[in-house]
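Colleague: For reference, the structure I am asking about is given below.
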Amino acid sequence: MSQPSDNRLRFKLYKEMLRIRIVEETIAGYYGEQEMRCPVHLSIGQEAAEAGACAALEQRDYVLSGHRSHGHYLAKGGNLKAMMAEIYGKATGCAGGKGGSMHLVDLDAGFLGAAPIVGSTIPIAAGVAFAAQMRNEDRVVMVFLGDGATETGVFFESINFASLKNLPIVFLVENNFYSVYSPMNVRQKGDHRIVDIARAHGMEAHQADGNDLECVHQLCTQAVTKARGGGGPSLLELITYRWREHCGPGYDNDIGYRTEAEFLSWKERDPVAAYERKLIANGVGTQPEIDRIAKDLKLEVEEAVSFAKQSPWPDLDTLSTQVYAN
Amino acid sequence: MSQPSDNRLRFKLYKEMLRIRIVEETIAGYYGEQEMRCPVHLSIGQEAAEAGACAALEQRDYVLSGHRSHGHYLAKGGNLKAMMAEIYGKATGCAGGKGGSMHLVDLDAGFLGAAPIVGSTIPIAAGVAFAAQMRNEDRVVMVFLGDGATETGVFFESINFASLKNLPIVFLVENNFYSVYSPMNVRQKGDHRIVDIARAHGMEAHQADGNDLECVHQLCTQAVTKARGGGGPSLLELITYRWREHCGPGYDNDIGYRTEAEFLSWKERDPVAAYERKLIANGVGTQPEIDRIAKDLKLEVEEAVSFAKQSPWPDLDTLSTQVYAN
Amino acid sequence: MDRQLKFSEAILEATDQAMGRDPSVYIVGLGVPDPKGIFGTTLGLMKKYGAARVQDMPLSENAMTGVALGSALVGMRPIITHQRVDFALVAMEQMVNQAAKWHYMFGGKAKVPMVVRMIIGRGWGQGPQHSQSLQAWFAHVPGLKVVMPTTAHDAKGLLAAAIEDNNPVIFIEHRWLHNISDTVPEEYYTVPLGKARTMCEGSDVTIVGTSYMALESLRAAKLLGEAGISAEVIDLRTIRPWDVETVLTSVRKTGRLVVADTAGVAFGVSAEIVATVLEHEFASVKAAPIRIGLPDHPCPTSPALANSYYPRAGRIVLEVRRMMGKEPITDALPLTSDQKLDIPDASFTGPF
Amino acid sequence: MDRQLKFSEAILEATDQAMGRDPSVYIVGLGVPDPKGIFGTTLGLMKKYGAARVQDMPLSENAMTGVALGSALVGMRPIITHQRVDFALVAMEQMVNQAAKWHYMFGGKAKVPMVVRMIIGRGWGQGPQHSQSLQAWFAHVPGLKVVMPTTAHDAKGLLAAAIEDNNPVIFIEHRWLHNISDTVPEEYYTVPLGKARTMCEGSDVTIVGTSYMALESLRAAKLLGEAGISAEVIDLRTIRPWDVETVLTSVRKTGRLVVADTAGVAFGVSAEIVATVLEHEFASVKAAPIRIGLPDHPCPTSPALANSYYPRAGRIVLEVRRMMGKEPITDALPLTSDQKLDIPDASFTGPF
Ligand SMILES: Cc1ncc(C[n+]2csc(CCOP(=O)(O)OP(=O)(O)O)c2C)c(N)n1
Ligand SMILES: Cc1ncc(C[n+]2csc(CCOP(=O)(O)OP(=O)(O)O)c2C)c(N)n1
Ligand SMILES: [Mg+2]
Ligand SMILES: [Mg+2]
């Protein structure tokens with residue numbers, strides 16, 4: 001935190017992070033009802049990276065994301081009710097039910113879209129930054145991707161282009177060590193490969209603890225400020241961990257691709273609990289204050305679920321409309 | 001040269017390089033007759049890289065290449081007559097007339113194939129190396145590519161895979177500063193980007209003067225030896241220059257994408273003339289010896305042209321055969 | 001004799017037996033050795049054949065297709081798998097410009113024996129980017145073969161044949177077939193590529209179905225039979241080369257043609273079949289041909305919309321009755337109140 | 001009034017005028033600002049509109065398609081060019097999974113106004129990897145529009161319309177049309193997407209042609225006319241959405257359908273047209289429909305082979321005569337001794 005005295009910001013960041021946690025836990029809780037009939041990729045465990053990064057942006061800035069996008073959407077200010085309704089496939093969803101969890105969008109919030117073909121939104125985000133640059137607009141773009149996405153050719157092509165054009169963009173890699181059930185060592189070599197690729201292109205790049213909310217926020221603020229000032233793109237690799245299964249609401253440490261011990265070691269580094277302890281220890285907040293925040297957030301999220309459940313199905317007429325724009 | 005006393009090798013290398021020059025000049029000379037009715041991408045100016053690199057390989061080793069492949073084919077021992085006949089579209093061509101200049105192949109020589117979609121043979125070469133590794137064969141693969149090809153996503157994906165699997169492969173980049181008429185500065189940034197990409201993947205990489213025949217040969221020998229010994233892949237970036245137009249027989253310094261002065265500065269660094277001077281200066285060869293070699297080579301090449309011209313057209317029956325292998 | 005195996009188990013058995021018979025066969029794909037094993041189709045292979053022949057890979061579908069191709073050039077027989085056809089769009093260049101053409105363009109000197117397994121997603125909100133069915137694309141490309149098995153029996157035999165084939169074979173599996181069982185002999189066998197299978201004989205109308213739609217066609221034929229209409233159902237099995245003769249012979253008999261494909265109707269496989277039949281058997285055809293497939297827009301995610309996206313047996317019945325000049329019946333296939341249209345069967349509880 | 005412009009000049013003029021009218025239009029592609037200017041179609045634009053709006057790019061077709069898409073999302077109108085369709089195979093994912101679907105999959109919230117210009121190579125040994133004609137692929141994808149102009153007049157108007165359109169438009173140019181001139185008005189105009197053009201009227205047979213094959217169809221119609229056969233030739237102009245009504249109306253009149261496409265017949269555009277016509281106008285059609293296009297194998301490089309690969313007007317004449325029950329004439333179009341079939345015209349002396 002550049003201003004350690006800025007406790008308002010600290011609370012805001014914490015609340016943002018906690019809100020993502022509560023939304024995701026709530027989805028996990030309701031998923032078993034089989035009313036959210038689409039794949040969901042929860043980001044529980046990775047909230048510090050998401051909240052810390054988006055808090056560095058202005059509303060006019062843009063974010064794009066991939067399959068695991070709930071946290072990015074929320075942290076950028078995406079409408080929670082519209083997101084829940086989208087996951088429930090309802091008419092009130094942010095994409096009218098056409099997209100589901102993997103295709104969130106909120107133009108007002110600057111969340112331009114998410115799409116689950118791994119790597120594909122990276123060049124699209126570069127294109128958004130390219131347009132901002134061509135029109136001399138004061139906007140920065142942040143695109144979220146995973147460690148797996150750094151193996152796609154299009155990631156590399158995008159890094160090359162962004163560096164060549166000095167685009168106002170931040171490539172934010174959440175490295176959670178897995179691509180579905182595949183560990184790093186069957187996919188890539190070396191502990192600094194991701195940042196080194198960016199550096200090979202003359203792009204500033206940093207690797208950091210993605211579970212350290214303030215550290216993330218500080219790094220991202222620097223990168224965003226640099227981009228905004230015409231200093232060009234950055235890549236930030238945030239080390240973090242996904243707690244639950246790749247797709248779906250459950251835990252899957254038992255199926256054999258990772259150990260329970262590994263999971264537990266990361267659970268001890270829970271970014272939400274850690275920051276809560278820090279806030280209290282530093283006298284920034286008290287347990288009752290924090291409990292109240294959590295309670296309010298839970299209420300808000302339950303309300304969003306009710307909204308989604310009660311919303312109507314999309315009209316069958318919309319099935320074949322919106323194929324072409326007028 | 002690891003053994004500076006090895007004058008036989010020096011002559012062999014020189015002859016290989018000169019042969020490529022003479023073949024390419026001969027093609028340029030005949031192209032205007034409009035009997036070679038296919039695109040040709042000549043490598044005049046880049047012969048040292050090609051001859052020096054392939055001389056580091058054994059016959060059992062494999063080479064793959066792209067659109068500018070004549071030199072690689074010849075240096076790897078590809079049949080000259082079959083290549084000429086292929087360019088002339090004749091039945092006796094190495095691909096029976098089906099491929100033309102952009103699709104050379106000579107299995108006996110270990111030249112597995114060339115294809116002109118930029119970047120595409122890079123992963124194919126990695127696959128050949130992967131097979132050699134799986135079967136524990138004593139074979140090294142060398143794949144030739146240009147600076148433009150290092151902007152394709154598939155290049156990067158291949159580097160990642162080769163490094164991950166420690167494949168016995170050498171990525172040989174001939175950096176001639178242009179992709180068709182596009183200079184480096186509209187395509188990539190930084191003077192060490194290409195080697196740095198490889199290094200970001202933990203791959204050994206070197207940049208060197210591609211017009212220095214002995215230097216090329218030495219570097220390639222090291223890389224090939226390393227790969228053969230299980231030491232894994234390398235990337236070598238050889239700086240060189242294409243003298244003639246991107247595609248076709250002529251010169252095009254007048255059309256405006258590069259200056260005549262730039263071309264002339266590279267012409268002064270003619271790898272053939274430079275090595276010829278060196279051979280004579282060091283007393284390795286005499287002018288008459290060298291003239292004799294050139295004369296013999298010209299005869300050989302003219303013979304290949306006659307062979308190609310006199311060869312029959314492919315039988316019309318072959319038009320629709322060889323679509324599927326039995 | 002009557003050994004039942006699921007389609008997914010049949011795929012696994014074919015792979016296992018092919019690997020056992022031929023050391024040059026290997027399999028690579030995202031998640032191949034993981035605990036889910038590509039919907040169960042690769043489970044246990046890593047343990048049996050080792051990490052060299054059963055490989056996970058980087059998230060680099062394009063390069064890895066090239067890697068498979070390169071290894072095939074020098075004598076390996078790779079199987080590369082993709083969990084959705086949609087993911088393989090990044091690898092089109094290697095499949096279409098390269099794998100399909102190396103044999104021809106090098107005058108027969110190169111051989112590319114490789115199998116590309118791809119799965120068509122469907123249901124549970126797969127949505128616009130996880131549900132495409134692009135067999136028409138691959139079938140448009142000379143040099144490729146394209147296989148779409150329907151039954152577990154054929155899945156095993158066609159995959160074995162695809163692995164034995166010396167050409168690049170695109171092998172497309174429908175996610176909703178994976179759990180369906182059939183009689184599958186234990187011993188190794190092949191089902192020849194390029195041969196359709198007549199699922200039931202009939203005299204009034206020929207229904208050509210691909211993959212999952214062959215099953216819906218069979219269901220439709222039963223319903224039609226109850227109403228006195230005799231339908232012949234042909235499971236196409238191979239899309240390229242497809243079995244023109246079997247289809248023509250049937251249409252010569254019935255005079256009527258319906259094609260039911262898993263993909264979009266427009267510019268799809270069904271157009272080729274209709275056009276070919278009309279070119280060859282114009283005189284035999286008694287009624288306007290009918291194509292059944294996906295409507296001309298992407299697949300939405302919400303079940304409320306997606307349920308109406310996919311045609312089912314009832315739709316085939318309706319169209320055939322219309323073709324035969326019979327009363328339309330709109331309630332052809334009433335749904336039970338707890339029936340869900342976006343899952344393959346009741347045992348499935350979400351996400352794929 | 002009778003201002004003649006080459007097809008390539010018409011493309012340039014449409015681009016120039018669109019850029020002049022709308023500052024959000026920009027053009028990017030390998031070689032766009034280079035001295036050859038994409039076969040002359042982008043010459044001078046850089047000088048006029050500056051390096052920001054007229055850009056070369058890295059050899060990264062996939063990412064650059066995504067870049068174009070991203071810029072379109074926030075209000076730019078990119079034109080991205082590829083010198084061969086074949087090169088764009090690396091960019092299929094961005095075009096098909098992304099550009100085609102963003103409007104639909106975000107419930108209408110995203111708009112992707114972009115034009116992808118691609119050239120079909122042909123002749124002078126372009127060979128298997130520089131000559132593919134993949135309009136059927138794009139036409140199979142809802143969300144895309146697909147345009148193939150034949151005349152310089154339409155090239156200008158259709159490109160202008162494509163740039164104005166708020167959707168991703170695939171714009172395919174045949175290399176052999178670039179040098180052909182036509183009357184082209186100087187002022188800005190658009191030709192609506194989705195409308196075919198009747199090139200000549202006739203009563204015996206409808207010949208639907210695409211791109212360069214529309215010209216061959218017109219030549220065939222002239223030859224047929226001399227033999228007393230009256231052919232109506234329709235230049236399809238847009239492949240998706242195609243002008244079903246114009247074609248049906250014509251076939252209702254003639255009762256006979258021939259489709260001549262620049263691409264492979266198998267699973268190609270011609271199959272869709274034939275199938276649609278037979279579905280809708282079964283009763284009007286008097287003879288088996290005929291499809292003319294590329295044979296079912298890749299394009300060889302040697303002129304001795306490639307010359308027989310491409311169908312020409314003579315082939316159309318032959319097929320129509322056969323269809324009409326007339327004597328076949330095999331010497332329909334004798335070649336002059338110095339005529340070369342692998343170049344667009346005599347002024348061309350190699351390589352493209
Ligand atoms: C091109 C492509 N290939 C495969 C997939 C299947 N897939 C979905 S998510 C995923 C893992 C991505 O890993 P990573 O980028 O690290 O993100 P994470 O899931 O860890 O957040 C894969 C392989 C896909 N969606 N797209
Ligand atoms: C994917 C693809 N895009 C574009 C082209 C057109 N093209 C052919 S060669 C070439 C330039 C390649 O430059 P480089 O790799 O540096 O090789 P060089 O020609 O300099 O030897 C281009 C763009 C192509 N063949 N393939
Ligand atoms: Mg990950
Ligand atoms: Mg170059």
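Order determines the names: the first chain of the structure tokens is A, the second B, and so forth; residues in each chain are numbered 1 upward, and ligands are numbered 1 upward as they are shown.
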Would you kindly return, as number ranges by chain, each protein, DNA or RNA residue with an atom no farther than 10 Å from any atom of Pro249 of chain A, considering only C-alpha atoms and excluding same-chain residues fewer than 4 positions away?

Modeller: A: 24-32, 39-42, 244-245; C: 350-351

Colleague: Tell me, as a ChimeraX atom specification, which residues lie within 7 Å of Ala152 of chain C, counting only C-alpha atoms; anything in the same chain fewer than 2 positions away does not count.

Modeller: /C:5-7,10,150,154-156,181-182,184

Colleague: At a cut-off of 8 Å and counting only C-alpha atoms and all ligand atoms, what residues surround ligand 2? Please answer as a PyMOL selection string.

Modeller: (chain B and resi 41+43+67-68+116-120+145-150+152+174-180+242+246) or (chain D and resi 30-31+59-61+82-84+86-90)

Colleague: Find the residue from C:Gly194, C:Pro58, C:Gly314, C:Pro149 that sits nearest to ligand 3; use only C-alpha atoms and all ligand atoms when measuring.

Modeller: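 Smallest separation from ligand 3 among the options: C:Pro58.
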
Colleague: List as number ranges by chain the protein and nucleic acid residues near Pro168 of chain C, meaning an atom at most 10 Å away when only C-alpha atoms are counted, but skip any in the same chain fewer than 5 places from it.

Modeller: B: 324-325; C: 69, 72, 77-79, 95-96, 99-101, 103, 111-116, 143-146, 162-163

Colleague: Taking only C-alpha atoms into account, what are the residues of chain D at most 9 Å from chain B, put as a ChimeraX atom specification?

Modeller: /D:30-31,33-36,55-63,86-87,123-130,295-306,308-309,342,349-352
